[in-house]
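*Asks:* Structure incoming, see below.
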Amino acid sequence: MRAVTVHGAGDLRIERVEQPLLESDGVLVRVAFGGICGSDLHYYRHGRNGIYELRSPLVLGHEIVGTIAEIAPGVPGDLLVGQAVAIHPAIPTPPPGGAAGHGLHLAPRGSYLGSASTVPHTPGGFAEFVRTTADQLRRLPEGLPLRRAALAEPLAVALHGVDRYEGNYAGKRVLVSGAGPIGCLAIAALRRRGAGEIVATDMWEEPLRVARMVGADEARRLGVDPPLADDAFDVVIEASGSPAATVSALRAVRRGGTIVQLGMLPDGELPVPLASLVSREVTLRGSQRFDVELDESVRILAHSEALDAVVSHVFPVEHARKAFETAADSRGSTKVLIEF
């Protein structure tokens with residue numbers, strides 16, 4: 001089968017690999033779409049994603065939807081061949097339908113599709129078939145297009161990040177720094193949580209256009225529009241992963257406010273002035289992947305046609321390199337999908 005594999009920084013290949021064998025507790029999924037995540041781009045461009053470094057070739061991809069192709073005889077439950085599903089990329093996996101968090105996404109030896117966080121690495125879903133467990137599958141509602149359903153995993157990431165703020169969003173003024181795919185999905189999540197006012201910032205007009213479409217009250221282009229006032233926001237969702245944006249967030253958040261670092265920061269020491277965090281009693285919270293939020297994400301997508309705007313491009317797997325190049329240029333793209 002064909003798969004999209006990274007061998008090192010700048011070395012992306014469309015290769016023929018062995019189709020995974022179905023194990024006694026496994027389910028084989030025929031992949032329809034895979035979304036290119038910022039972590040996939042980091043592996044492609046830098047050979048690492050944050051603290052996770054490539055040590056061997058890796059099949060990328062964890063934002064995966066498709067249809068069930070085969071079910072092992074010993075798998076319990078009511079799964080059926082041909083069912084449309086989204087995939088929870090993590091093992092250990094919370095059981096389907098859960099609402100209370102399990103904290104499994106922080107398991108010290110947990111694995112994730114398409115990640116170098118474990119050695120050997122965990123192959124991802126940018127392939128024609130992927131092997132999963134039954135618990136990893138979330139059945140898609142009737143009528144939910146697979147193209148939109150490909151947003152299920154990143155929307156779950158956004159929901160988890162937004163909920164890292166433990167207060168009530170009602171009436172709160174919120175800044176979303178970075179209007180890429182995760183930033184735009186965070187805007188949708190904030191709307192779901194009842195935020196009073198949402199302001200989005202980005203360096204480029206195209207992502208800001210999408211931010212408006214999915215619910216931002218105001219969208220400001222950095223370096224072009226007037227700068228944001230200091231002490232202006234109750235909560236800042238930093239979704240760009242830029243250290244400079246984290247510094248800006250410390251100025252933009254009000255005294256006693258909260259910053260959620262949702263964007264992945266580079267590894268190593270970062271020059272972030274934390275004195276104001278101390279003197280102004282700002283809370284800084286990290287956000288790592290997600291836990292049980294995939295179920296809610298699927299429910300939201302079933303009734304959210306506006307989120308179709310987050311998908312800007314779809315490329316067939318033969319053009320995966322072009323897909324990655326497009327996804328890396330945030331001036332004209334948001335979420336880029338590979339179709340299998």
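By convention in this document, the chains of the structure tokens carry letters A, B, ... by their order, each chain's residues are numbered from 1, and ligands are numbered from 1 in the order they are shown.
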Tell me which protein, DNA and RNA residues are within 8 Å of Met203 (chain A), counting only C-alpha atoms, leaving out same-chain ones fewer than 4 positions away, and put them as a VMD selection string.
*Replies:* chain A and resid 178 221 to 223
*Asks:* So which one's closest to Ala252 (chain A), A:Phe315, A:Phe233, A:Phe290, A:Phe33? Using only C-alpha atoms, please.
*Replies:*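 Using only C-alpha atoms, the shortest distance to Ala252 (chain A) belongs to A:Phe233.
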*Asks:* One decimal, Å: what's the distance from CA of Leu277 (chain A) over to CA of His102 (chain A), could you say?
*Replies:*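 Going from CA of Leu277 (chain A) over to CA of His102 (chain A), I get 29.6 Å.
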*Asks:* With distances taken over only C-alpha atoms, which residue among A:Ile71, A:Val214, A:Val247, A:Leu294 lies nearest Ala158 (chain A)?
*Replies:* A:Leu294
*Asks:* Env of Val314 (chain A): 9 Å cut, atoms = only C-alpha atoms, seq-sep filter 6 positions within chain, self excluded. Answer as a list in words.
*Replies:*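 Neighbouring residues, sequence-local ones excluded: Phe33, Arg147, Ala323, Lys335, Val336, Leu337, Ile338 and Glu339 of chain A.
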*Asks:* What would the file look like if the residues just selected were written as a PDB file, in the first residue's frame with all heavy atoms?
*Replies:*
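part.pdb, written as the output of this step:
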```pdb
ATOM      1  N   PHE A  33      -9.377  10.281   4.363  1.00  0.00           N
ATOM      2  CA  PHE A  33      -8.690  11.571   4.419  1.00  0.00           C
ATOM      3  C   PHE A  33      -7.776  11.604   5.637  1.00  0.00           C
ATOM      4  O   PHE A  33      -8.097  11.032   6.684  1.00  0.00           O
ATOM      5  CB  PHE A  33      -9.691  12.729   4.551  1.00  0.00           C
ATOM      6  CG  PHE A  33     -10.567  12.954   3.363  1.00  0.00           C
ATOM      7  CD1 PHE A  33     -11.881  12.497   3.366  1.00  0.00           C
ATOM      8  CD2 PHE A  33     -10.097  13.629   2.240  1.00  0.00           C
ATOM      9  CE1 PHE A  33     -12.704  12.711   2.274  1.00  0.00           C
ATOM     10  CE2 PHE A  33     -10.914  13.840   1.146  1.00  0.00           C
ATOM     11  CZ  PHE A  33     -12.228  13.382   1.161  1.00  0.00           C
ATOM     12  N   ARG A 147     -14.954  14.523   4.549  1.00  0.00           N
ATOM     13  CA  ARG A 147     -14.034  15.662   4.433  1.00  0.00           C
ATOM     14  C   ARG A 147     -14.130  16.550   5.675  1.00  0.00           C
ATOM     15  O   ARG A 147     -13.109  16.953   6.228  1.00  0.00           O
ATOM     16  CB  ARG A 147     -14.357  16.458   3.163  1.00  0.00           C
ATOM     17  CG  ARG A 147     -13.604  17.768   3.054  1.00  0.00           C
ATOM     18  CD  ARG A 147     -13.852  18.437   1.725  1.00  0.00           C
ATOM     19  NE  ARG A 147     -13.488  19.863   1.768  1.00  0.00           N
ATOM     20  CZ  ARG A 147     -13.005  20.543   0.757  1.00  0.00           C
ATOM     21  NH1 ARG A 147     -12.828  19.952  -0.397  1.00  0.00           N
ATOM     22  NH2 ARG A 147     -12.696  21.814   0.882  1.00  0.00           N
ATOM     23  N   ALA A 323       1.050  18.881  -1.091  1.00  0.00           N
ATOM     24  CA  ALA A 323       0.156  19.122   0.044  1.00  0.00           C
ATOM     25  C   ALA A 323       0.935  19.688   1.227  1.00  0.00           C
ATOM     26  O   ALA A 323       0.493  20.649   1.883  1.00  0.00           O
ATOM     27  CB  ALA A 323      -0.556  17.834   0.434  1.00  0.00           C
ATOM     28  N   LYS A 335      -6.460  24.270   6.874  1.00  0.00           N
ATOM     29  CA  LYS A 335      -6.257  22.834   6.992  1.00  0.00           C
ATOM     30  C   LYS A 335      -6.151  22.209   5.599  1.00  0.00           C
ATOM     31  O   LYS A 335      -7.024  22.392   4.749  1.00  0.00           O
ATOM     32  CB  LYS A 335      -7.416  22.182   7.740  1.00  0.00           C
ATOM     33  CG  LYS A 335      -7.321  20.666   7.886  1.00  0.00           C
ATOM     34  CD  LYS A 335      -6.031  20.209   8.558  1.00  0.00           C
ATOM     35  CE  LYS A 335      -5.933  20.650   9.982  1.00  0.00           C
ATOM     36  NZ  LYS A 335      -4.647  20.207  10.625  1.00  0.00           N
ATOM     37  N   VAL A 336      -5.076  21.463   5.377  1.00  0.00           N
ATOM     38  CA  VAL A 336      -4.826  20.771   4.117  1.00  0.00           C
ATOM     39  C   VAL A 336      -5.002  19.274   4.350  1.00  0.00           C
ATOM     40  O   VAL A 336      -4.424  18.719   5.295  1.00  0.00           O
ATOM     41  CB  VAL A 336      -3.413  21.075   3.582  1.00  0.00           C
ATOM     42  CG1 VAL A 336      -3.142  20.277   2.306  1.00  0.00           C
ATOM     43  CG2 VAL A 336      -3.254  22.569   3.333  1.00  0.00           C
ATOM     44  N   LEU A 337      -5.808  18.638   3.499  1.00  0.00           N
ATOM     45  CA  LEU A 337      -6.067  17.196   3.616  1.00  0.00           C
ATOM     46  C   LEU A 337      -5.380  16.434   2.503  1.00  0.00           C
ATOM     47  O   LEU A 337      -5.241  16.922   1.375  1.00  0.00           O
ATOM     48  CB  LEU A 337      -7.564  16.903   3.538  1.00  0.00           C
ATOM     49  CG  LEU A 337      -8.498  17.621   4.509  1.00  0.00           C
ATOM     50  CD1 LEU A 337      -9.938  17.138   4.303  1.00  0.00           C
ATOM     51  CD2 LEU A 337      -8.068  17.432   5.945  1.00  0.00           C
ATOM     52  N   ILE A 338      -4.965  15.207   2.818  1.00  0.00           N
ATOM     53  CA  ILE A 338      -4.506  14.244   1.817  1.00  0.00           C
ATOM     54  C   ILE A 338      -5.617  13.208   1.657  1.00  0.00           C
ATOM     55  O   ILE A 338      -6.132  12.672   2.644  1.00  0.00           O
ATOM     56  CB  ILE A 338      -3.202  13.561   2.250  1.00  0.00           C
ATOM     57  CG1 ILE A 338      -2.081  14.604   2.383  1.00  0.00           C
ATOM     58  CG2 ILE A 338      -2.800  12.466   1.267  1.00  0.00           C
ATOM     59  CD1 ILE A 338      -0.766  14.038   2.902  1.00  0.00           C
ATOM     60  N   GLU A 339      -5.989  12.939   0.410  1.00  0.00           N
ATOM     61  CA  GLU A 339      -7.058  11.989   0.122  1.00  0.00           C
ATOM     62  C   GLU A 339      -6.462  10.685  -0.390  1.00  0.00           C
ATOM     63  O   GLU A 339      -5.577  10.695  -1.250  1.00  0.00           O
ATOM     64  CB  GLU A 339      -8.023  12.568  -0.919  1.00  0.00           C
ATOM     65  CG  GLU A 339      -9.222  11.672  -1.215  1.00  0.00           C
ATOM     66  CD  GLU A 339     -10.244  12.344  -2.082  1.00  0.00           C
ATOM     67  OE1 GLU A 339      -9.959  13.446  -2.625  1.00  0.00           O
ATOM     68  OE2 GLU A 339     -11.352  11.788  -2.244  1.00  0.00           O
TER      69      GLU A 339
END
```
*Asks:* So which residues touch Glu153 (chain A) within 8 Å, counting only C-alpha atoms, skipping near sequence neighbours fewer than 6 positions away, as a list in words?
*Replies:*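 Once the nearby chain positions are removed, what remains is His62, Glu63, Ile64, Ala86, Ile87, His88, Leu294 and Ser297 of chain A.
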*Asks:* May I ask which of the residues A:Gly215, A:Gly125, A:Pro273, A:Gly167 is the closest one to Leu185 (chain A), counting only C-alpha atoms?
*Replies:*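 Closest residue, counting only C-alpha atoms: A:Gly215.
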*Asks:* Nearest to Gly161 (chain A): which of A:Gly257, A:Gly10, A:Gly241, A:Gly263 is it, counting only C-alpha atoms?
*Replies:* A:Gly263
*Asks:* Can you pull out the residues contacting Glu269 (chain A)? Cut-off 12 Å, using only C-alpha atoms, and skip same-chain residues under 2 positions away; I want them as a list in words.
*Replies:*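 After dropping sequence-adjacent residues, the list is Gly50, Ile51, Pro243, Leu265, Pro266, Asp267, Pro271 and Val272 of chain A.
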*Asks:* Which residue, A:Glu128, A:Glu142, A:Glu166, A:Glu53, has the smallest gap to Met1 (chain A) when you use only C-alpha atoms?
*Replies:*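 For Met1 (chain A), the nearest of the candidates is A:Glu128.
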*Asks:* Need the shell around region 325-331 of chain A: protein/DNA/RNA residues with any atom at most 12 Å away, counting only C-alpha atoms. Skip same-chain ones fewer than 4 positions apart. Format as a ChimeraX atom specification?
*Replies:* /A:10,12,35-45,178-181,202-210,221,240,311-315,319-321,335-338
*Asks:* For Leu155 (chain A), please output as a tab-separated table (two decimals) with C-alpha atoms, in the first residue's frame all residues within 12 Å (counting only C-alpha atoms; exclusion window: fewer than 6 positions along the same chain).
*Replies:*
```tsv
chain	number	residue	atom	x	y	z
A	35	GLY	CA	-5.23	16.16	7.76
A	37	CYS	CA	-1.02	18.86	11.38
A	63	GLU	CA	-5.94	13.27	11.87
A	148	ARG	CA	-15.48	17.67	7.35
A	149	ALA	CA	-15.07	14.73	9.71
A	161	GLY	CA	-7.06	23.48	25.03
A	162	VAL	CA	-9.98	25.85	25.50
A	181	PRO	CA	-6.40	25.49	11.74
A	182	ILE	CA	-6.11	24.99	15.50
A	183	GLY	CA	-6.71	28.68	16.17
A	184	CYS	CA	-9.84	28.71	13.99
A	185	LEU	CA	-11.13	25.54	15.63
A	186	ALA	CA	-10.41	27.09	19.04
A	187	ILE	CA	-12.63	30.00	17.98
A	188	ALA	CA	-15.41	27.53	17.19
A	189	ALA	CA	-14.85	25.85	20.56
A	190	LEU	CA	-14.97	29.21	22.36
A	192	ARG	CA	-19.51	26.64	21.89
A	289	ARG	CA	-3.17	16.75	22.65
A	290	PHE	CA	-6.58	15.71	24.08
A	291	ASP	CA	-8.30	13.06	26.18
A	292	VAL	CA	-12.04	12.30	25.79
A	293	GLU	CA	-12.96	15.27	23.59
A	294	LEU	CA	-13.16	13.34	20.29
A	295	ASP	CA	-16.74	12.28	21.01
A	296	GLU	CA	-17.91	15.88	21.47
A	297	SER	CA	-15.88	16.94	18.45
A	298	VAL	CA	-17.73	14.46	16.21
A	299	ARG	CA	-21.10	15.66	17.55
A	300	ILE	CA	-20.21	19.29	16.86
A	301	LEU	CA	-19.03	18.59	13.32
A	304	SER	CA	-21.46	22.69	11.89
A	307	LEU	CA	-16.45	24.57	9.79
A	310	VAL	CA	-11.37	25.46	7.76
A	335	LYS	CA	-6.26	22.83	6.99
```
*Asks:* Which residue gives the smallest distance to Gly26 (chain A) among A:Ala3, A:Val130, A:Ala216, A:Ala275, with only C-alpha atoms counted?
*Replies:* A:Val130
*Asks:* Please, which residues of region 67-180 of chain A, numbered as in this document, come out helix (DSSP H, G or I) from DSSP, as an MDAnalysis selection string?
*Replies:* chainID A and resid 104:106 134:136 146:149 152:162
